[in-house]
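A quick write-up on the structure given underneath.
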Amino acid sequence: MSLGQAPNLGTAADFVLFSSVGAVTNSGTSLITGNVGANSGSITGFGNVNGVMHANDGASAQCAADLLIAYNQLNSAIPTFFPAPLLGNGQILIAGVYSVSGPATLDLELTLDAEGDSTSVFIIQIQGAFSTNANSIITLINGALACNVFWKVEGLVSMATGTTMRGTVVANNAAIDMYTGVTLEGRALSTTGAVSVSGVLAYTPIGCGSPILTGPAPPPLASTICYALFSANGEVTNAGITYVTGDVGTNVGLTTGFDPLLVNGTIHPIPDVSTAQCAADLINVRDYLIILPYDIELLYPAQFGNNLVLTPHTYLLNAATVFTDTLYLNALGNSDAVFVIKIYGALTTSTYSKVILTNGTQPKNVFWLVNGAVSIADYSIFKGTIVCNNGAIDLATGVMLDGRALTTVGFLSTAAITAIMPPGCPIPGIVLNIKAFLEGPFVTDQMIPFLNTLGNLPLAQPYSNAPWNYSGAEFVSSIPDPDIVDWVLVELRDASSAASAGNATMIDRQAAFIHSDGTITNIDGSGMLTFLTTYSQDLFVVLWHRNHLGIMSAVPLTESGGVYSYDFTSSATSVYGGILAHKEVATGIWGMTGGDGDSNGEVNNVDKNDVWNAQAGLAGYLAGDFNMDIEVNNGDKNDIWLPNAGKGGQVPDLYAAKCYIPE
């Protein structure tokens, strides 16, 4: 093997834990992504694994053969470096083949530096046992990838508590032990020896030609795409204050208890043409999901959740399923990746259960087929489209459903929930994709979500008071994304020119979330804003914030692909009023001007004397917290208010332009 050449793992690349001869065992709760196998031994103690279990079968036999080939390649690699047996302690290694003549120990931090070449290969040959000290770590920098790191060990491998290990570990004729709190981005493979793990996080690395997971093709939703809550045959009822985005209805029975003012969609109180079509289309969706072959069977349905991490696949749980605590769905950076979870039995959840989407996963790409009743317990956060086959659906108090709940036969009941249908319904209206920055929390190239991180964002929109007097009922049971910075109020105006787009031209408003990268979404934390309105002249968008000066688009918005996009941050001329209306917060980046504590469209002494002074020394969601770090202190006055004193908003027909001289 030449320098920089990785071994050919063959099918062993699909295994995260494997022994050719020996048992593979687990104790405690381990989170495993990748296949687990033993070719001559048992596999015991594992809960649900995001991979396939192969014990003494054809796949394990092939893996054993491929592992031996890979071991021989690693063993025959000609070393170029000969480090001391104590690795780490701040040591930095570049790509190459390293040989330690006897046992070795990893202590503190060892850094592998690819020097900008992501194809760089690191091979560490250890001619004896290999152990790690507690909390030791392998760090990869400058393009180094775990899939290009290989450890060949001629003896016992022992990873102590809290170790972060990266790379494929091949132990020859010896066991591998991984203790509580170990994180392995790579593989632990033994030619002969037991593999034992206890409460670890282990996952196969991505890159280096590994397949890009896309999951299956999504089902053809057809008209079901426009419904948030639906039963093809059964009553649909609500109790309490429930907010719904999407249609609500049944094709057999009545739909009752929903407040039209709180449903952003159509309520179908009795069966009609739309519900008949939805019922027919729902059968097609169900049939598609039923015949879809599964990739991975999760073997312990009664232990579902419990911080399990799943990647884009079709999963099967072949019994009634109890979902406890948290489930993570990780798209691995592919925002189009699809997840299908097929449950052949009833689904129940614990109180406060959560489905958390990571690394690009979108609710519209998550589908649940449940052959039985569905009961989502109080204050749970559930993501994706639930297709219930011949069973009732009960969404209990405080449930946040970012998706759909659809059943072929059965009652559907809700109690003071929030249900937000994923985007995709071809409804008339205006879909906005807009971006803006607030000066206060802006640092370098993004905003810091201090208020969110520290738990100080309100769950209801804060613009019901003067001067906005907005009566919208936007509310969430919990803040849906850690990157959310604050609430903003988005307003549409229909006018022949920017100068004439005054108060009287306003056609709609909606409270929304602004994220750290400036994107503005609806209250599900990911979807674009949709306004069910039309305009006759030109469309202008106004953006309000509770302690920053409001701004309006300098030119009319234009539609492309069904979406109206506008970037307030891109130039001095993107805002009506130019440099008088917004501020350059970094070179070439523009943001809304901070310091308007009383929200009257001017930054003046009232903001300092009546707002900042009154709140100085306090912490929370406060108007005088101009930099939005939850504390009202001198930084708000000196860094935000003082440089902006005398500035006024330029949104037409709202505030008279004034020049104010600060004290």
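Ligands are numbered from 1 in the order shown, residues from 1 within each chain, and chains are lettered A, B, ... in the order they appear in the structure tokens.
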
DSSP-assigned alpha helix (DSSP H) members of segment 128-289 of chain A, reported as a VMD selection string: chain A and resid 273 to 289

Spatial neighbours of segment 557-559 of chain A, max dist 8 Å, only C-alpha atoms, sep filter under 3 positions, as a VMD selection string: chain A and resid 538 to 541 553 562 to 566

Residue contacts of Ser158 of chain A (10 Å, only C-alpha atoms) excluding same-chain residues fewer than 3 positions away, as number ranges by chain: A: 105, 129-133, 155, 161, 175-179, 196

Those same residues - all heavy atoms - I'd like them written as an mmCIF file, in the first residue's frame.
```cif
data_model
loop_
_atom_site.group_PDB
_atom_site.id
_atom_site.type_symbol
_atom_site.label_atom_id
_atom_site.label_comp_id
_atom_site.auth_asym_id
_atom_site.auth_seq_id
_atom_site.Cartn_x
_atom_site.Cartn_y
_atom_site.Cartn_z
ATOM 1 N N THR A 105 -1.063 4.636 23.968
ATOM 2 C CA THR A 105 -2.119 5.267 24.758
ATOM 3 C C THR A 105 -2.445 6.628 24.153
ATOM 4 O O THR A 105 -1.532 7.367 23.745
ATOM 5 C CB THR A 105 -1.678 5.457 26.216
ATOM 6 O OG1 THR A 105 -1.364 4.191 26.773
ATOM 7 C CG2 THR A 105 -2.786 6.112 27.043
ATOM 8 N N ALA A 129 -1.429 -3.421 22.372
ATOM 9 C CA ALA A 129 -2.739 -2.934 22.807
ATOM 10 C C ALA A 129 -2.827 -1.420 22.639
ATOM 11 O O ALA A 129 -1.812 -0.715 22.591
ATOM 12 C CB ALA A 129 -2.977 -3.325 24.259
ATOM 13 N N PHE A 130 -4.073 -0.932 22.575
ATOM 14 C CA PHE A 130 -4.309 0.507 22.424
ATOM 15 C C PHE A 130 -5.384 0.919 23.411
ATOM 16 O O PHE A 130 -6.483 0.343 23.424
ATOM 17 C CB PHE A 130 -4.742 0.832 21.000
ATOM 18 C CG PHE A 130 -5.071 2.282 20.772
ATOM 19 C CD1 PHE A 130 -4.216 3.290 21.184
ATOM 20 C CD2 PHE A 130 -6.251 2.650 20.125
ATOM 21 C CE1 PHE A 130 -4.513 4.634 20.960
ATOM 22 C CE2 PHE A 130 -6.555 3.980 19.898
ATOM 23 C CZ PHE A 130 -5.685 4.972 20.323
ATOM 24 N N SER A 131 -5.065 1.913 24.254
ATOM 25 C CA SER A 131 -6.040 2.406 25.224
ATOM 26 C C SER A 131 -6.141 3.915 25.124
ATOM 27 O O SER A 131 -5.218 4.590 24.655
ATOM 28 C CB SER A 131 -5.629 2.004 26.648
ATOM 29 O OG SER A 131 -4.375 2.585 26.984
ATOM 30 N N THR A 132 -7.270 4.430 25.550
ATOM 31 C CA THR A 132 -7.456 5.879 25.611
ATOM 32 C C THR A 132 -7.753 6.267 27.045
ATOM 33 O O THR A 132 -8.406 5.517 27.784
ATOM 34 C CB THR A 132 -8.610 6.346 24.706
ATOM 35 O OG1 THR A 132 -9.857 5.932 25.286
ATOM 36 C CG2 THR A 132 -8.498 5.771 23.302
ATOM 37 N N ASN A 133 -7.268 7.421 27.432
ATOM 38 C CA ASN A 133 -7.603 7.947 28.748
ATOM 39 C C ASN A 133 -8.956 8.642 28.699
ATOM 40 O O ASN A 133 -9.430 9.038 27.629
ATOM 41 C CB ASN A 133 -6.521 8.906 29.227
ATOM 42 C CG ASN A 133 -5.228 8.179 29.546
ATOM 43 O OD1 ASN A 133 -5.241 6.988 29.850
ATOM 44 N ND2 ASN A 133 -4.102 8.879 29.470
ATOM 45 N N GLY A 155 -3.799 -5.937 19.441
ATOM 46 C CA GLY A 155 -4.070 -6.190 20.839
ATOM 47 C C GLY A 155 -5.381 -5.569 21.256
ATOM 48 O O GLY A 155 -6.139 -5.017 20.432
ATOM 49 N N THR A 161 -14.094 6.180 29.367
ATOM 50 C CA THR A 161 -15.272 7.044 29.440
ATOM 51 C C THR A 161 -14.997 8.422 28.848
ATOM 52 O O THR A 161 -13.983 9.052 29.148
ATOM 53 C CB THR A 161 -15.690 7.199 30.909
ATOM 54 O OG1 THR A 161 -16.048 5.918 31.426
ATOM 55 C CG2 THR A 161 -16.870 8.149 31.041
ATOM 56 N N ALA A 175 -9.974 -8.115 21.649
ATOM 57 C CA ALA A 175 -11.290 -7.527 21.908
ATOM 58 C C ALA A 175 -11.251 -6.010 21.755
ATOM 59 O O ALA A 175 -10.179 -5.378 21.751
ATOM 60 C CB ALA A 175 -11.756 -7.901 23.302
ATOM 61 N N ILE A 176 -12.434 -5.415 21.668
ATOM 62 C CA ILE A 176 -12.615 -3.967 21.671
ATOM 63 C C ILE A 176 -13.640 -3.641 22.753
ATOM 64 O O ILE A 176 -14.749 -4.184 22.753
ATOM 65 C CB ILE A 176 -13.113 -3.448 20.312
ATOM 66 C CG1 ILE A 176 -12.118 -3.777 19.201
ATOM 67 C CG2 ILE A 176 -13.359 -1.936 20.371
ATOM 68 C CD1 ILE A 176 -12.587 -3.383 17.803
ATOM 69 N N ASP A 177 -13.266 -2.765 23.683
ATOM 70 C CA ASP A 177 -14.166 -2.316 24.749
ATOM 71 C C ASP A 177 -14.380 -0.817 24.630
ATOM 72 O O ASP A 177 -13.414 -0.045 24.571
ATOM 73 C CB ASP A 177 -13.579 -2.630 26.127
ATOM 74 C CG ASP A 177 -13.475 -4.125 26.386
ATOM 75 O OD1 ASP A 177 -14.329 -4.875 25.874
ATOM 76 O OD2 ASP A 177 -12.534 -4.534 27.096
ATOM 77 N N MET A 178 -15.644 -0.395 24.606
ATOM 78 C CA MET A 178 -15.985 1.026 24.550
ATOM 79 C C MET A 178 -16.891 1.318 25.743
ATOM 80 O O MET A 178 -17.980 0.753 25.854
ATOM 81 C CB MET A 178 -16.684 1.359 23.227
ATOM 82 C CG MET A 178 -15.802 1.140 21.993
ATOM 83 S SD MET A 178 -16.727 1.141 20.427
ATOM 84 C CE MET A 178 -17.495 2.748 20.490
ATOM 85 N N TYR A 179 -16.435 2.236 26.608
ATOM 86 C CA TYR A 179 -17.121 2.489 27.868
ATOM 87 C C TYR A 179 -18.088 3.674 27.766
ATOM 88 O O TYR A 179 -18.160 4.368 26.749
ATOM 89 C CB TYR A 179 -16.094 2.677 28.980
ATOM 90 C CG TYR A 179 -15.329 1.405 29.272
ATOM 91 C CD1 TYR A 179 -14.099 1.165 28.665
ATOM 92 C CD2 TYR A 179 -15.865 0.439 30.109
ATOM 93 C CE1 TYR A 179 -13.406 -0.019 28.907
ATOM 94 C CE2 TYR A 179 -15.177 -0.746 30.360
ATOM 95 C CZ TYR A 179 -13.949 -0.969 29.749
ATOM 96 O OH TYR A 179 -13.282 -2.137 29.989
ATOM 97 N N SER A 196 -17.459 -4.995 22.882
ATOM 98 C CA SER A 196 -18.382 -4.661 23.967
ATOM 99 C C SER A 196 -18.536 -3.154 24.062
ATOM 100 O O SER A 196 -17.539 -2.425 24.109
ATOM 101 C CB SER A 196 -17.854 -5.199 25.305
ATOM 102 O OG SER A 196 -17.671 -6.597 25.240
#
```

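The strand (DSSP E or B) portion of segment 11-82 of chain A consists of Phe15, Val16, Leu17, Phe18, Ser19, Val24, Thr25, Asn26, Ser27, Leu31, Ile32, Thr33, Asn35, Val36, Gly37, Ala38, Ile43, Thr44, Asn50, Met53, His54, Ala55 and Phe81 of chain A, with states taken from DSSP on the backbone.
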
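Between atom CA of Val399 of chain A and atom CA of Thr361 of chain A the separation is 20.2 Å.
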
Non-local contacts of Asn371 of chain A (7 Å; only C-alpha atoms; under 6 positions in same chain excluded) as a PyMOL selection string: chain A and resi 343-346+388-390

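Minimum distance to Leu112 of chain A across A:Leu140, A:Asn75, A:Ala134, A:Ile225 (counting only C-alpha atoms) occurs at A:Leu140.
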
Interatomic distance, atom CA of Phe442 of chain A to atom CA of Ile514 of chain A (Å, one decimal): 12.2 Å

Residues near Arg546 of chain A, cut-off 8 Å, only C-alpha atoms, skip fewer than 5 positions along chain, as JSON, numbers by chain: {"A": [463, 488, 596, 597, 599, 623]}

Top pick for closest residue to Pro467 of chain A, considering A:Gly601, A:Gly360, A:Ile386, A:Asp336 and counting only C-alpha atoms: A:Gly601

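Near Asn600 of chain A, within 12 Å and counting only C-alpha atoms, sit Ala466, Pro467, Trp468, Trp544, His545, Arg546, Asn547, His548, Leu549, Gly550, Gly595, Asp596, Gly597, Asp598, Glu602, Val603, Asn604, Val606, Asp607, Lys647, Gly648, Gly649, Gln650, Val651, Leu654, Tyr655, Ala656, Ala657 and Lys658 of chain A; same-chain residues fewer than 2 positions away were not included.
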
Return as a tab-separated table the residues of segment 464-511 of chain A lying at most 12 Å from segment 570-593 of chain A, together with the closest atom-to-atom pair for each and the distance in Å to one decimal, counting only C-alpha atoms, with rows in chain order and ascending residue number.
```
residue	atom	partner	partner_atom	distance
A:Val488	CA	A:Met592	CA	11.6
A:Ser497	CA	A:Tyr576	CA	10.7
A:Ala498	CA	A:Tyr576	CA	7.2
A:Ala499	CA	A:Tyr576	CA	8.4
A:Ser500	CA	A:Tyr576	CA	11.5
A:Ala501	CA	A:Tyr576	CA	10.5
```

All residues 8 Å or closer to Gly10 of chain A, only C-alpha atoms, same chain fewer than 2 positions away omitted, as a ChimeraX atom specification: /A:8,12-13,63,66-67

Write out, as a CSV table (one decimal), in the first residue's frame, the residues just selected, with all heavy atoms.
```csv
chain,number,residue,atom,x,y,z
A,8,ASN,N,-9.4,-1.1,1.1
A,8,ASN,CA,-10.7,-1.4,0.6
A,8,ASN,C,-11.5,-2.2,1.6
A,8,ASN,O,-11.2,-3.4,1.9
A,8,ASN,CB,-10.6,-2.2,-0.7
A,8,ASN,CG,-11.9,-2.6,-1.3
A,8,ASN,OD1,-13.0,-2.1,-0.8
A,8,ASN,ND2,-11.9,-3.4,-2.3
A,12,ALA,N,-17.5,-4.4,4.8
A,12,ALA,CA,-17.2,-4.0,6.2
A,12,ALA,C,-17.5,-2.5,6.4
A,12,ALA,O,-17.7,-2.0,7.6
A,12,ALA,CB,-15.8,-4.3,6.6
A,13,ALA,N,-17.5,-1.7,5.3
A,13,ALA,CA,-17.8,-0.3,5.4
A,13,ALA,C,-19.2,0.0,6.0
A,13,ALA,O,-19.4,1.1,6.5
A,13,ALA,CB,-17.6,0.4,4.1
A,63,CYS,N,-18.6,-9.9,5.4
A,63,CYS,CA,-17.9,-8.9,6.1
A,63,CYS,C,-16.6,-9.4,6.7
A,63,CYS,O,-15.6,-8.7,6.7
A,63,CYS,CB,-18.8,-8.3,7.2
A,63,CYS,SG,-18.0,-7.0,8.1
A,66,ASP,N,-14.1,-9.6,4.0
A,66,ASP,CA,-13.6,-8.3,3.5
A,66,ASP,C,-12.7,-7.6,4.6
A,66,ASP,O,-11.8,-6.9,4.3
A,66,ASP,CB,-14.8,-7.4,3.2
A,66,ASP,CG,-15.6,-7.8,2.0
A,66,ASP,OD1,-15.0,-8.6,1.2
A,66,ASP,OD2,-16.7,-7.5,1.8
A,67,LEU,N,-13.1,-7.9,5.9
A,67,LEU,CA,-12.3,-7.3,7.0
A,67,LEU,C,-10.9,-7.9,7.0
A,67,LEU,O,-9.9,-7.1,7.2
A,67,LEU,CB,-13.0,-7.6,8.3
A,67,LEU,CG,-12.2,-7.1,9.6
A,67,LEU,CD1,-12.0,-5.6,9.5
A,67,LEU,CD2,-13.0,-7.5,10.8
```
